[in-house]
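Okay, structure first, notes after.
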Amino acid sequence: TYVNTWDATLPPSIVVVVEGLNDARRVRKALNISHPDAVFAINRGGKKQRGYFDKKANTWKLERTVVEEVERKAGWMRDDSKRAEVVIFTDPDVAGRQYRQNFIKYLPLAKHAFVSRYRARCKKETNWHDVNDCGVEFATDGAIRVALKQARTPKGRYKWMKKAWLTKEELKEKAWITREELEERGLRQSHLRKLNLSNIEGEVSAKRLRQVLGNVLGIGECDAKQLLRQLNMFFSPEEFEEAMKNTVELLESGKADEWDFTVGSDEDFGFDPNAYIPPGQAPPGFE
């Protein structure tokens, strides 16, 4: 397997796309990557931001030059046998999910990594962040490594051999969960799911369920249509069931809005014994 995360004279073996410079620093530290092109920040400070909010469309968008630059750094614009793997690793919020949509449209072969909002929360107020703000920069090294190890390509949206988008009818045939099943699970319309809740009088709305589930999965708050699309595109039935279990646990415990409540595994998969370690540095976890 082609691996290069440090030699700047060669193309990198992976390009991780994050939102900001602080996110990029965290990913570099977690993966012990020194190659200048291995981690790409969408926004790099200054007045000109390449990720922006389109008020007319009411959504977060990217300048087209961002996608082109990622393609160039990964070697996707040329016939290169050492093309890098591209992983989109945006923040676990609405803006992060909408940024992903740009990459799904223009880079459908890129992989996507997710970290739960409960594993990427700001724990201390700063000049730039409030407690409970979320971002990749707040995730632990282990959570970042796990997220990138589990990165996946969008399912069902792209005909790989024909290089064409699926129709709506074809997408429905490939879907593993439907609108009706979302409603049965209390995630759609005004359905109230009966839970043993001590702080919400025994009932929770579909909107509240989706909010906490989105935080657990790392996709941000979604309406029913957006949630259905995200589940079918990125997650398996087993991952959904585990996330629902954590969602119910969070709501029943009254900890769904606490910054220090963690869900899922923070298992550190260790480091590659064959990876280059610069002189004077210890492998990750052995500092």
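For the structure tokens, the naming scheme is as follows: chains receive sequential letters (A, B, ...) according to their order of presentation, residues are indexed from 1 within each chain, and ligands are indexed from 1 in presentation order.
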
* Would you return as a list in words the members of stretch 51-135 of chain A that DSSP assigns to strand (DSSP E or B) on this structure's backbone? =>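 Filtering stretch 51-135 of chain A to strand (DSSP E or B) leaves Gly51, Tyr52, Phe53, Asp54, Thr59, Trp60, Lys61, Leu62, Glu85, Val86, Val87, Ile88, Lys111, His112, Arg121 and Cys134 of chain A.
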
* To do: Tell me which protein, DNA and RNA residues are within 8 Å of A:His112, counting only C-alpha atoms, leaving out same-chain ones fewer than 5 positions away, and put them as a ChimeraX atom specification.
  => /A:87-89,151-154

Could you dump the residues just selected with N, CA and C atoms as a PDB file, in the first residue's frame?
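Saved file selection-v3.pdb follows:
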```
ATOM      1  N   VAL A  87     -10.389  12.377   2.435  1.00  0.00           N
ATOM      2  CA  VAL A  87     -11.353  12.149   3.512  1.00  0.00           C
ATOM      3  C   VAL A  87     -11.903  13.492   3.968  1.00  0.00           C
ATOM      4  N   ILE A  88     -13.212  13.663   3.888  1.00  0.00           N
ATOM      5  CA  ILE A  88     -13.874  14.894   4.335  1.00  0.00           C
ATOM      6  C   ILE A  88     -14.203  14.745   5.815  1.00  0.00           C
ATOM      7  N   PHE A  89     -13.673  15.650   6.636  1.00  0.00           N
ATOM      8  CA  PHE A  89     -13.829  15.537   8.090  1.00  0.00           C
ATOM      9  C   PHE A  89     -14.253  16.896   8.645  1.00  0.00           C
ATOM     10  N   ALA A 151     -13.862   6.009   8.122  1.00  0.00           N
ATOM     11  CA  ALA A 151     -14.359   6.846   7.028  1.00  0.00           C
ATOM     12  C   ALA A 151     -15.000   5.988   5.948  1.00  0.00           C
ATOM     13  N   ARG A 152     -16.066   6.510   5.323  1.00  0.00           N
ATOM     14  CA  ARG A 152     -16.808   5.742   4.318  1.00  0.00           C
ATOM     15  C   ARG A 152     -17.233   6.633   3.160  1.00  0.00           C
ATOM     16  N   THR A 153     -17.421   6.016   1.989  1.00  0.00           N
ATOM     17  CA  THR A 153     -17.911   6.749   0.819  1.00  0.00           C
ATOM     18  C   THR A 153     -19.437   6.769   0.847  1.00  0.00           C
ATOM     19  N   PRO A 154     -20.062   7.806   0.273  1.00  0.00           N
ATOM     20  CA  PRO A 154     -21.535   7.872   0.240  1.00  0.00           C
ATOM     21  C   PRO A 154     -22.108   6.659  -0.486  1.00  0.00           C
TER      22      PRO A 154
END
```

* To do: Could you find all residues in stretch 50-143 of chain A that DSSP calls alpha helix (DSSP H) from the backbone, and write them as a PyMOL selection string?
  => chain A and resi 64-74+94-106+141-143

Save out the residues we just selected, N, CA and C atoms, as a PDB file, in the first residue's frame.
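Saved result, selection_33.pdb, follows:
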```pdb
ATOM      1  N   ARG A  64     -15.907  27.099  -5.479  1.00  0.00           N
ATOM      2  CA  ARG A  64     -15.523  25.970  -6.334  1.00  0.00           C
ATOM      3  C   ARG A  64     -14.017  25.742  -6.327  1.00  0.00           C
ATOM      4  N   THR A  65     -13.242  26.800  -6.083  1.00  0.00           N
ATOM      5  CA  THR A  65     -11.784  26.659  -6.065  1.00  0.00           C
ATOM      6  C   THR A  65     -11.308  25.733  -4.940  1.00  0.00           C
ATOM      7  N   VAL A  66     -12.121  25.602  -3.874  1.00  0.00           N
ATOM      8  CA  VAL A  66     -11.746  24.717  -2.769  1.00  0.00           C
ATOM      9  C   VAL A  66     -11.672  23.276  -3.260  1.00  0.00           C
ATOM     10  N   VAL A  67     -12.709  22.837  -3.960  1.00  0.00           N
ATOM     11  CA  VAL A  67     -12.745  21.462  -4.473  1.00  0.00           C
ATOM     12  C   VAL A  67     -11.602  21.238  -5.462  1.00  0.00           C
ATOM     13  N   GLU A  68     -11.361  22.217  -6.311  1.00  0.00           N
ATOM     14  CA  GLU A  68     -10.286  22.082  -7.295  1.00  0.00           C
ATOM     15  C   GLU A  68      -8.925  21.977  -6.620  1.00  0.00           C
ATOM     16  N   GLU A  69      -8.730  22.722  -5.545  1.00  0.00           N
ATOM     17  CA  GLU A  69      -7.450  22.668  -4.847  1.00  0.00           C
ATOM     18  C   GLU A  69      -7.258  21.321  -4.156  1.00  0.00           C
ATOM     19  N   VAL A  70      -8.329  20.770  -3.580  1.00  0.00           N
ATOM     20  CA  VAL A  70      -8.245  19.448  -2.966  1.00  0.00           C
ATOM     21  C   VAL A  70      -7.901  18.401  -4.020  1.00  0.00           C
ATOM     22  N   GLU A  71      -8.556  18.479  -5.175  1.00  0.00           N
ATOM     23  CA  GLU A  71      -8.267  17.541  -6.260  1.00  0.00           C
ATOM     24  C   GLU A  71      -6.803  17.630  -6.686  1.00  0.00           C
ATOM     25  N   ARG A  72      -6.294  18.845  -6.772  1.00  0.00           N
ATOM     26  CA  ARG A  72      -4.912  19.036  -7.214  1.00  0.00           C
ATOM     27  C   ARG A  72      -3.924  18.477  -6.195  1.00  0.00           C
ATOM     28  N   LYS A  73      -4.150  18.755  -4.911  1.00  0.00           N
ATOM     29  CA  LYS A  73      -3.240  18.265  -3.875  1.00  0.00           C
ATOM     30  C   LYS A  73      -3.273  16.745  -3.766  1.00  0.00           C
ATOM     31  N   ALA A  74      -4.436  16.146  -4.053  1.00  0.00           N
ATOM     32  CA  ALA A  74      -4.572  14.692  -3.967  1.00  0.00           C
ATOM     33  C   ALA A  74      -4.114  13.976  -5.230  1.00  0.00           C
ATOM     34  N   VAL A  94     -24.595  21.590  11.668  1.00  0.00           N
ATOM     35  CA  VAL A  94     -25.328  21.836  10.424  1.00  0.00           C
ATOM     36  C   VAL A  94     -24.393  22.346   9.326  1.00  0.00           C
ATOM     37  N   ALA A  95     -23.534  23.300   9.648  1.00  0.00           N
ATOM     38  CA  ALA A  95     -22.605  23.830   8.649  1.00  0.00           C
ATOM     39  C   ALA A  95     -21.705  22.731   8.106  1.00  0.00           C
ATOM     40  N   GLY A  96     -21.223  21.866   9.001  1.00  0.00           N
ATOM     41  CA  GLY A  96     -20.366  20.766   8.563  1.00  0.00           C
ATOM     42  C   GLY A  96     -21.083  19.828   7.614  1.00  0.00           C
ATOM     43  N   ARG A  97     -22.367  19.536   7.917  1.00  0.00           N
ATOM     44  CA  ARG A  97     -23.136  18.648   7.034  1.00  0.00           C
ATOM     45  C   ARG A  97     -23.352  19.298   5.662  1.00  0.00           C
ATOM     46  N   GLN A  98     -23.622  20.594   5.660  1.00  0.00           N
ATOM     47  CA  GLN A  98     -23.867  21.276   4.389  1.00  0.00           C
ATOM     48  C   GLN A  98     -22.590  21.434   3.574  1.00  0.00           C
ATOM     49  N   TYR A  99     -21.452  21.593   4.234  1.00  0.00           N
ATOM     50  CA  TYR A  99     -20.177  21.584   3.517  1.00  0.00           C
ATOM     51  C   TYR A  99     -19.978  20.234   2.820  1.00  0.00           C
ATOM     52  N   ARG A 100     -20.338  19.167   3.523  1.00  0.00           N
ATOM     53  CA  ARG A 100     -20.185  17.819   2.953  1.00  0.00           C
ATOM     54  C   ARG A 100     -20.947  17.687   1.632  1.00  0.00           C
ATOM     55  N   GLN A 101     -22.131  18.303   1.581  1.00  0.00           N
ATOM     56  CA  GLN A 101     -22.950  18.181   0.381  1.00  0.00           C
ATOM     57  C   GLN A 101     -22.212  18.714  -0.849  1.00  0.00           C
ATOM     58  N   ASN A 102     -21.407  19.761  -0.652  1.00  0.00           N
ATOM     59  CA  ASN A 102     -20.616  20.292  -1.765  1.00  0.00           C
ATOM     60  C   ASN A 102     -19.625  19.254  -2.271  1.00  0.00           C
ATOM     61  N   PHE A 103     -18.974  18.555  -1.330  1.00  0.00           N
ATOM     62  CA  PHE A 103     -17.995  17.547  -1.728  1.00  0.00           C
ATOM     63  C   PHE A 103     -18.677  16.309  -2.316  1.00  0.00           C
ATOM     64  N   ILE A 104     -19.855  15.954  -1.811  1.00  0.00           N
ATOM     65  CA  ILE A 104     -20.590  14.816  -2.372  1.00  0.00           C
ATOM     66  C   ILE A 104     -20.942  15.101  -3.830  1.00  0.00           C
ATOM     67  N   LYS A 105     -21.277  16.350  -4.107  1.00  0.00           N
ATOM     68  CA  LYS A 105     -21.658  16.730  -5.472  1.00  0.00           C
ATOM     69  C   LYS A 105     -20.464  16.750  -6.415  1.00  0.00           C
ATOM     70  N   TYR A 106     -19.340  17.320  -5.964  1.00  0.00           N
ATOM     71  CA  TYR A 106     -18.203  17.523  -6.862  1.00  0.00           C
ATOM     72  C   TYR A 106     -17.097  16.476  -6.711  1.00  0.00           C
ATOM     73  N   ASP A 141      -7.301  12.808  20.422  1.00  0.00           N
ATOM     74  CA  ASP A 141      -6.522  12.122  19.402  1.00  0.00           C
ATOM     75  C   ASP A 141      -7.155  10.782  19.047  1.00  0.00           C
ATOM     76  N   GLY A 142      -7.589  10.041  20.074  1.00  0.00           N
ATOM     77  CA  GLY A 142      -8.192   8.734  19.825  1.00  0.00           C
ATOM     78  C   GLY A 142      -9.473   8.832  19.025  1.00  0.00           C
ATOM     79  N   ALA A 143     -10.324   9.826  19.347  1.00  0.00           N
ATOM     80  CA  ALA A 143     -11.584   9.994  18.625  1.00  0.00           C
ATOM     81  C   ALA A 143     -11.340  10.349  17.166  1.00  0.00           C
TER      82      ALA A 143
END
```

* To do: Considering only C-alpha atoms, return as a list in words whatever protein or nucleic-acid residues lie within 6 Å of A:Gly220, sequence-local ones (same chain, fewer than 4 positions apart) excluded.
  =>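 Result of the neighbour search: Pro92, Asp93, Val94, Gly214 and Asn215 of chain A.
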
Using N, CA and C atoms, can you write the selected residues to a file as a PDB file, in the first residue's frame?
```pdb
ATOM      1  N   PRO A  92     -19.165  18.418  13.465  1.00  0.00           N
ATOM      2  CA  PRO A  92     -20.440  17.703  13.641  1.00  0.00           C
ATOM      3  C   PRO A  92     -21.623  18.635  13.884  1.00  0.00           C
ATOM      4  N   ASP A  93     -21.864  19.550  12.959  1.00  0.00           N
ATOM      5  CA  ASP A  93     -22.981  20.478  13.099  1.00  0.00           C
ATOM      6  C   ASP A  93     -23.621  20.706  11.729  1.00  0.00           C
ATOM      7  N   VAL A  94     -24.595  21.590  11.668  1.00  0.00           N
ATOM      8  CA  VAL A  94     -25.328  21.836  10.424  1.00  0.00           C
ATOM      9  C   VAL A  94     -24.393  22.346   9.326  1.00  0.00           C
ATOM     10  N   GLY A 214     -28.751  13.344  15.782  1.00  0.00           N
ATOM     11  CA  GLY A 214     -27.796  14.004  14.896  1.00  0.00           C
ATOM     12  C   GLY A 214     -26.497  14.327  15.611  1.00  0.00           C
ATOM     13  N   ASN A 215     -26.599  14.719  16.885  1.00  0.00           N
ATOM     14  CA  ASN A 215     -25.395  14.995  17.668  1.00  0.00           C
ATOM     15  C   ASN A 215     -24.585  13.722  17.904  1.00  0.00           C
TER      16      ASN A 215
END
```

* To do: Determine the nearest neighbour of A:Lys174 from the options A:Leu148, A:Met233, A:Cys134, A:Val212, counting only C-alpha atoms.
  => A:Met233

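Closest approach to A:Leu31 from the set A:Arg208, A:Lys149, A:Arg229, A:Lys245 is made by A:Lys149, with distances taken over only C-alpha atoms.
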
* **Among the residues A:Arg145, A:Arg117, A:Trp76, A:Gly51, the one that comes closest to A:Asn32 [using only C-alpha atoms]** =>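 Going through A:Arg145, A:Arg117, A:Trp76, A:Gly51 one by one, the smallest distance to A:Asn32 is for A:Arg145.
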